[in-house]
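File shown: entry-v7.cif. Contents: mmCIF, C-alpha atoms.
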data_upload
loop_
_atom_site.label_atom_id
_atom_site.label_comp_id
_atom_site.auth_asym_id
_atom_site.auth_seq_id
_atom_site.Cartn_x
_atom_site.Cartn_y
_atom_site.Cartn_z
CA MET Y 1 0.00 0.00 0.00
CA LYS Y 2 1.41 3.36 -1.03
CA ILE Y 3 1.08 6.11 1.58
CA ASP Y 4 1.09 9.67 0.31
CA ARG Y 5 3.21 11.85 2.60
CA ARG Y 6 1.07 14.90 1.72
CA HIS Y 7 -1.88 13.43 3.55
CA PHE Y 8 -0.52 11.13 6.23
CA LEU Y 9 -0.53 13.83 8.93
CA ALA Y 10 -3.93 15.19 7.96
CA THR Y 11 -5.90 12.70 10.02
CA THR Y 12 -5.41 10.65 13.16
CA ALA Y 13 -7.44 7.73 11.82
CA SER Y 14 -5.94 6.98 8.41
CA LEU Y 15 -5.66 3.26 9.08
CA ALA Y 16 -8.54 0.98 10.07
CA ALA Y 17 -6.57 -0.86 12.76
CA LEU Y 18 -7.48 -1.50 16.37
CA THR Y 19 -5.28 -1.80 19.42
CA SER Y 20 -5.22 -5.17 21.13
CA MET Y 21 -7.15 -5.68 24.35
CA PHE Y 22 -5.37 -7.99 26.77
CA ALA Y 23 -7.22 -10.28 29.09
CA SER Y 24 -5.95 -11.12 32.55
CA GLY Y 25 -3.83 -14.17 33.15
CA SER Y 26 -0.57 -15.54 31.83
CA LEU Y 27 0.65 -15.11 28.29
CA HIS Y 28 -0.39 -17.91 26.01
CA SER Y 29 0.56 -19.04 22.52
CA ALA Y 30 -1.63 -17.71 19.74
CA GLN Y 31 -2.87 -19.67 16.75
CA ALA Y 32 0.03 -21.32 14.95
CA GLN Y 33 1.46 -19.42 11.97
CA ASP Y 34 4.57 -19.61 9.85
CA LEU Y 35 6.94 -17.37 11.75
CA SER Y 36 10.12 -18.66 10.14
CA GLY Y 37 10.88 -15.27 8.63
CA LEU Y 38 10.39 -13.30 11.83
CA LEU Y 39 14.06 -12.48 12.31
CA GLU Y 40 14.89 -11.93 8.66
CA PRO Y 41 16.22 -8.43 7.89
CA GLY Y 42 13.68 -5.92 6.62
CA PRO Y 43 14.00 -2.56 4.88
CA LEU Y 44 14.86 -0.80 8.14
CA GLU Y 45 17.76 -1.41 10.50
CA GLU Y 46 16.71 -3.49 13.47
CA MET Y 47 16.58 -1.45 16.67
CA VAL Y 48 17.75 -3.72 19.48
CA VAL Y 49 18.34 -3.43 23.20
CA GLY Y 50 20.42 -6.17 24.81
CA GLU Y 51 23.17 -8.59 23.96
CA GLU Y 52 23.10 -10.29 20.57
CA ASN Y 53 23.70 -13.75 22.07
CA ALA Y 54 21.01 -13.46 24.75
CA PRO Y 55 19.11 -16.77 25.08
CA VAL Y 56 15.71 -15.07 24.76
CA THR Y 57 14.72 -12.71 21.94
CA ILE Y 58 11.59 -10.60 22.32
CA VAL Y 59 10.20 -8.96 19.19
CA GLU Y 60 7.73 -6.19 19.92
CA TYR Y 61 5.46 -4.49 17.40
CA ALA Y 62 4.21 -1.17 18.76
CA SER Y 63 2.38 1.97 17.70
CA MET Y 64 3.51 5.26 19.19
CA THR Y 65 -0.11 6.37 19.67
CA CYS Y 66 -1.22 3.13 21.35
CA PRO Y 67 -2.00 3.70 25.06
CA HIS Y 68 -1.35 0.02 25.84
CA CYS Y 69 2.11 0.38 24.30
CA ALA Y 70 2.77 3.51 26.34
CA ASN Y 71 1.69 1.71 29.50
CA PHE Y 72 3.99 -1.21 28.71
CA HIS Y 73 7.00 1.00 28.07
CA THR Y 74 6.48 3.25 31.07
CA GLN Y 75 5.20 0.73 33.64
CA VAL Y 76 6.40 -2.74 32.62
CA TYR Y 77 9.45 -2.48 30.38
CA PRO Y 78 11.79 -0.83 32.92
CA ALA Y 79 11.44 -3.79 35.29
CA LEU Y 80 11.86 -6.33 32.47
CA LYS Y 81 14.91 -4.47 31.21
CA GLU Y 82 16.53 -4.52 34.64
CA LYS Y 83 15.68 -8.18 35.27
CA TYR Y 84 16.41 -9.71 31.86
CA ILE Y 85 17.96 -7.36 29.30
CA ASP Y 86 20.58 -5.72 31.52
CA THR Y 87 21.60 -9.14 32.84
CA GLY Y 88 22.12 -10.64 29.37
CA LYS Y 89 19.18 -13.05 29.58
CA ALA Y 90 17.04 -11.37 26.92
CA ARG Y 91 17.15 -8.82 24.15
CA LEU Y 92 14.35 -6.72 22.71
CA ILE Y 93 13.82 -5.96 19.02
CA PHE Y 94 11.49 -2.99 18.67
CA ARG Y 95 9.52 -2.71 15.42
CA GLU Y 96 7.09 -0.09 14.22
CA PHE Y 97 3.43 -0.96 13.65
CA PRO Y 98 1.73 2.45 13.26
CA LEU Y 99 -2.01 2.48 13.83
CA ASP Y 100 -2.63 5.99 12.55
CA ALA Y 101 -1.04 8.95 10.81
CA ARG Y 102 0.46 10.43 13.97
CA ALA Y 103 2.07 7.12 14.85
CA TYR Y 104 3.72 7.09 11.42
CA ALA Y 105 5.04 10.59 12.04
CA ALA Y 106 6.44 9.73 15.47
CA ALA Y 107 8.05 6.52 14.20
CA MET Y 108 9.67 8.39 11.32
CA LEU Y 109 11.07 11.06 13.61
CA ALA Y 110 12.65 8.44 15.86
CA ARG Y 111 14.18 6.84 12.79
CA CYS Y 112 15.54 10.16 11.55
CA ALA Y 113 17.31 10.85 14.84
CA ASP Y 114 20.89 9.77 15.36
CA LYS Y 115 20.87 6.10 16.35
CA GLN Y 116 22.00 6.89 19.90
CA PHE Y 117 18.81 8.90 20.38
CA TYR Y 118 16.40 6.33 18.94
CA PHE Y 119 15.34 4.60 22.16
CA PRO Y 120 15.55 7.74 24.31
CA MET Y 121 13.21 9.40 21.82
CA ILE Y 122 10.86 6.40 21.89
CA ASP Y 123 10.81 6.68 25.69
CA VAL Y 124 9.94 10.39 25.62
CA LEU Y 125 7.28 9.90 22.95
CA PHE Y 126 5.57 7.27 25.07
CA LYS Y 127 5.90 9.24 28.31
CA GLN Y 128 4.47 12.37 26.68
CA GLN Y 129 2.00 10.52 24.46
CA ALA Y 130 -1.04 12.33 25.85
CA SER Y 131 0.41 15.73 24.98
CA TRP Y 132 0.91 15.10 21.27
CA ALA Y 133 -1.19 12.09 20.26
CA ARG Y 134 -4.41 13.76 21.41
CA ALA Y 135 -3.57 17.33 20.45
CA GLU Y 136 -5.54 19.09 17.74
CA ASP Y 137 -2.24 19.77 16.00
CA PRO Y 138 0.55 17.36 17.04
CA ARG Y 139 3.34 19.16 15.20
CA PRO Y 140 4.36 21.67 17.90
CA GLN Y 141 4.67 18.97 20.58
CA LEU Y 142 6.44 16.56 18.23
CA LEU Y 143 8.87 19.30 17.23
CA GLN Y 144 9.72 20.03 20.86
CA ILE Y 145 10.42 16.34 21.48
CA ALA Y 146 12.46 16.13 18.29
CA LYS Y 147 14.57 19.10 19.33
CA LEU Y 148 15.70 17.11 22.38
CA ALA Y 149 17.34 14.74 19.88
CA GLY Y 150 19.00 17.55 17.95
CA PHE Y 151 16.41 18.27 15.29
CA THR Y 152 15.96 21.71 13.77
CA GLN Y 153 12.75 22.96 12.20
CA GLU Y 154 14.26 22.15 8.81
CA SER Y 155 15.35 18.61 9.66
CA PHE Y 156 12.00 17.98 11.35
CA GLU Y 157 10.10 18.94 8.18
CA ALA Y 158 12.52 17.04 5.95
CA CYS Y 159 12.03 13.87 7.97
CA LEU Y 160 8.25 14.03 7.69
CA LYS Y 161 8.56 14.52 3.93
CA ASN Y 162 10.82 11.49 3.46
CA GLN Y 163 8.71 9.25 1.22
CA GLU Y 164 11.25 6.41 1.21
CA LEU Y 165 11.29 6.25 4.99
CA LEU Y 166 7.50 6.36 5.10
CA ASP Y 167 7.32 3.49 2.61
CA ASN Y 168 9.83 1.45 4.62
CA VAL Y 169 7.97 1.95 7.89
CA ASN Y 170 4.80 0.89 6.12
CA ALA Y 171 6.56 -2.15 4.66
CA VAL Y 172 7.52 -3.32 8.17
CA ARG Y 173 3.90 -2.90 9.25
CA THR Y 174 2.50 -4.68 6.19
CA LYS Y 175 4.86 -7.65 6.59
CA ALA Y 176 3.93 -8.00 10.24
CA ALA Y 177 0.22 -7.98 9.42
CA GLU Y 178 0.33 -10.24 6.38
CA GLU Y 179 3.02 -12.74 7.38
CA PHE Y 180 2.95 -12.83 11.17
CA GLY Y 181 -0.70 -12.09 11.92
CA VAL Y 182 -0.11 -8.88 13.85
CA ASN Y 183 -3.42 -7.04 14.08
CA GLY Y 184 -2.99 -4.89 17.16
CA THR Y 185 -0.44 -3.42 19.51
CA PRO Y 186 1.55 -4.19 21.45
CA SER Y 187 2.21 -7.61 19.93
CA PHE Y 188 5.04 -9.78 21.23
CA PHE Y 189 6.99 -12.74 19.89
CA ILE Y 190 9.20 -14.53 22.40
CA ASN Y 191 11.80 -16.82 20.86
CA GLY Y 192 9.74 -17.05 17.71
CA GLU Y 193 6.43 -17.80 19.39
CA LYS Y 194 3.56 -15.33 19.12
CA TYR Y 195 2.03 -14.47 22.46
CA SER Y 196 -1.05 -12.56 23.58
CA GLY Y 197 -2.53 -11.95 26.95
CA ASN Y 198 -1.59 -10.02 30.07
CA ASN Y 199 1.63 -8.07 29.47
CA SER Y 200 2.33 -7.40 33.13
CA VAL Y 201 5.79 -7.87 34.60
CA GLU Y 202 4.68 -11.10 36.27
CA ALA Y 203 3.08 -12.63 33.16
CA MET Y 204 5.95 -11.75 30.86
CA SER Y 205 8.50 -12.94 33.43
CA GLU Y 206 6.72 -16.27 33.52
CA ALA Y 207 6.98 -16.59 29.73
CA ILE Y 208 10.64 -15.59 29.67
CA ASP Y 209 11.62 -17.76 32.62
CA SER Y 210 10.18 -20.82 30.89
CA LEU Y 211 12.80 -20.36 28.15
CA LEU Y 212 15.84 -19.93 30.39
#
Starting from the file, give its structure as structure tokens.
Amino acid sequence: MKIDRRHFLATTASLAALTSMFASGSLHSAQAQDLSGLLEPGPLEEMVVGEENAPVTIVEYASMTCPHCANFHTQVYPALKEKYIDTGKARLIFREFPLDARAYAAAMLARCADKQFYFPMIDVLFKQQASWARAEDPRPQLLQIAKLAGFTQESFEACLKNQELLDNVNAVRTKAAEEFGVNGTPSFFINGEKYSGNNSVEAMSEAIDSLL
């Protein structure tokens, strides 16, 4: 699907996708699918936290405007990072799955930042999600966040006009939906298995511990 950069910021509902609702209880395997290509390189550089040889690999698909994703990254992820990623037991591959036009914009800005600022920018975008994702005009708030990563007004505008980057972000999303059955966010794959359910620290720890 070709996304026209002239219109992708014009609406906050340009994609008919829904965020996932997670029931209580432990994570459980979803319906079996061919996930053999999950770790194959895509059009964008993989953004990874953790050691390459960690025994557990978590692939997360997230939308920057998804409140469940923001909750995970602000309330759950820090504890998981301390317990598993910082200790070399797991690594996280973060992939974009934008649910609307503003999520595309935020994902593109994080990609345009210097690599060292990618995850710090993701963190700020999630922490300040309410200020820009729900604003009548998200540009001023997004620009202020981008400036923390060294953007100027000119580089900010240039990033949002980058059709190749927009197409690549969309390609990651399309592949996830068509090949791996991702239909909401956040979606997790742990050592190649697709999981859904409660994404609390306790539930995800249970899933990770079973693989160690």
Q: Mind checking which residues fall within 8 Å of Gly192 of chain Y, counting only C-alpha atoms, ignoring those fewer than 4 positions away in the same chain, and posting them as JSON, numbers by chain?
A: {"Y": [35, 36, 38, 57]}
Q) Mind telling me what the PyMOL selection byres ((chain Y and resi 212) around 8) catches here, as a PyMOL selection string? A) chain Y and resi 55-56+89+208-211
Q) Could you write out as an MDAnalysis selection string the residues that the PyMOL selection byres ((chain Y and resi 115-127) around 12) matches in the shown file? A) chainID Y and resid 45:49 62:75 77:78 92:96 102:103 105:114 128:133 138 141:151
Q) Which residue out of Y:Glu178, Y:Phe189, Y:Gly50, Y:Asn183 has the minimum interatomic distance to Glu82 of chain Y when all atoms listed in the file are used? A)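 The closest residue to Glu82 of chain Y is Y:Gly50.
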Q: Can you work out which one of Y:Phe97, Y:Lys81, Y:Tyr61, Y:Asp86 has the shortest atom-to-atom distance to Ala171 of chain Y, counting only C-alpha atoms?
A: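 Among the listed residues, the smallest separation from Ala171 of chain Y belongs to Y:Phe97.
Shown here are all protein and nucleic acid residues lying within 10 Å of (14.0, -2.6, 4.1), with all atoms listed in the file considered: Pro41, Gly42, Pro43, Leu44, Glu45, Glu46, Glu164, Leu165, Asp167, Asn168, Val169, Ala171 and Val172 of chain Y.
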Q: Go through the shown structure with the PyMOL selection byres ((chain Y and resi 201) around 9) and write out the matching residues as a list in words.
A: Gln75, Val76, Tyr77, Ala79, Leu80, Asn198, Asn199, Ser200, Glu202, Ala203, Met204, Ser205 and Glu206 of chain Y
Q: Have a look at atom CA of Glu193 of chain Y and atom CA of Glu179 of chain Y and let me know their distance in Å, one decimal.
A: 13.5 Å
Q) For Lys194 of chain Y, which residue among Y:Val59, Y:Ala54, Y:Leu39, Y:Ala177 is the nearest when counting all atoms listed in the file? A)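 So, comparing all the options, the nearest one is Y:Val59.
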Q.
Rounded to one decimal, what separation in Å do you get between atom CA of Ala90 of chain Y and atom CA of Ala207 of chain Y?
A.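 Taking atom CA of Ala90 of chain Y and atom CA of Ala207 of chain Y, their separation equals 11.7 Å.
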Q) How many Å separate atom CA of Tyr104 of chain Y from atom CA of Gln153 of chain Y? A)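 Computing the Euclidean distance for atom CA of Tyr104 of chain Y and atom CA of Gln153 of chain Y yields 18.3 Å.
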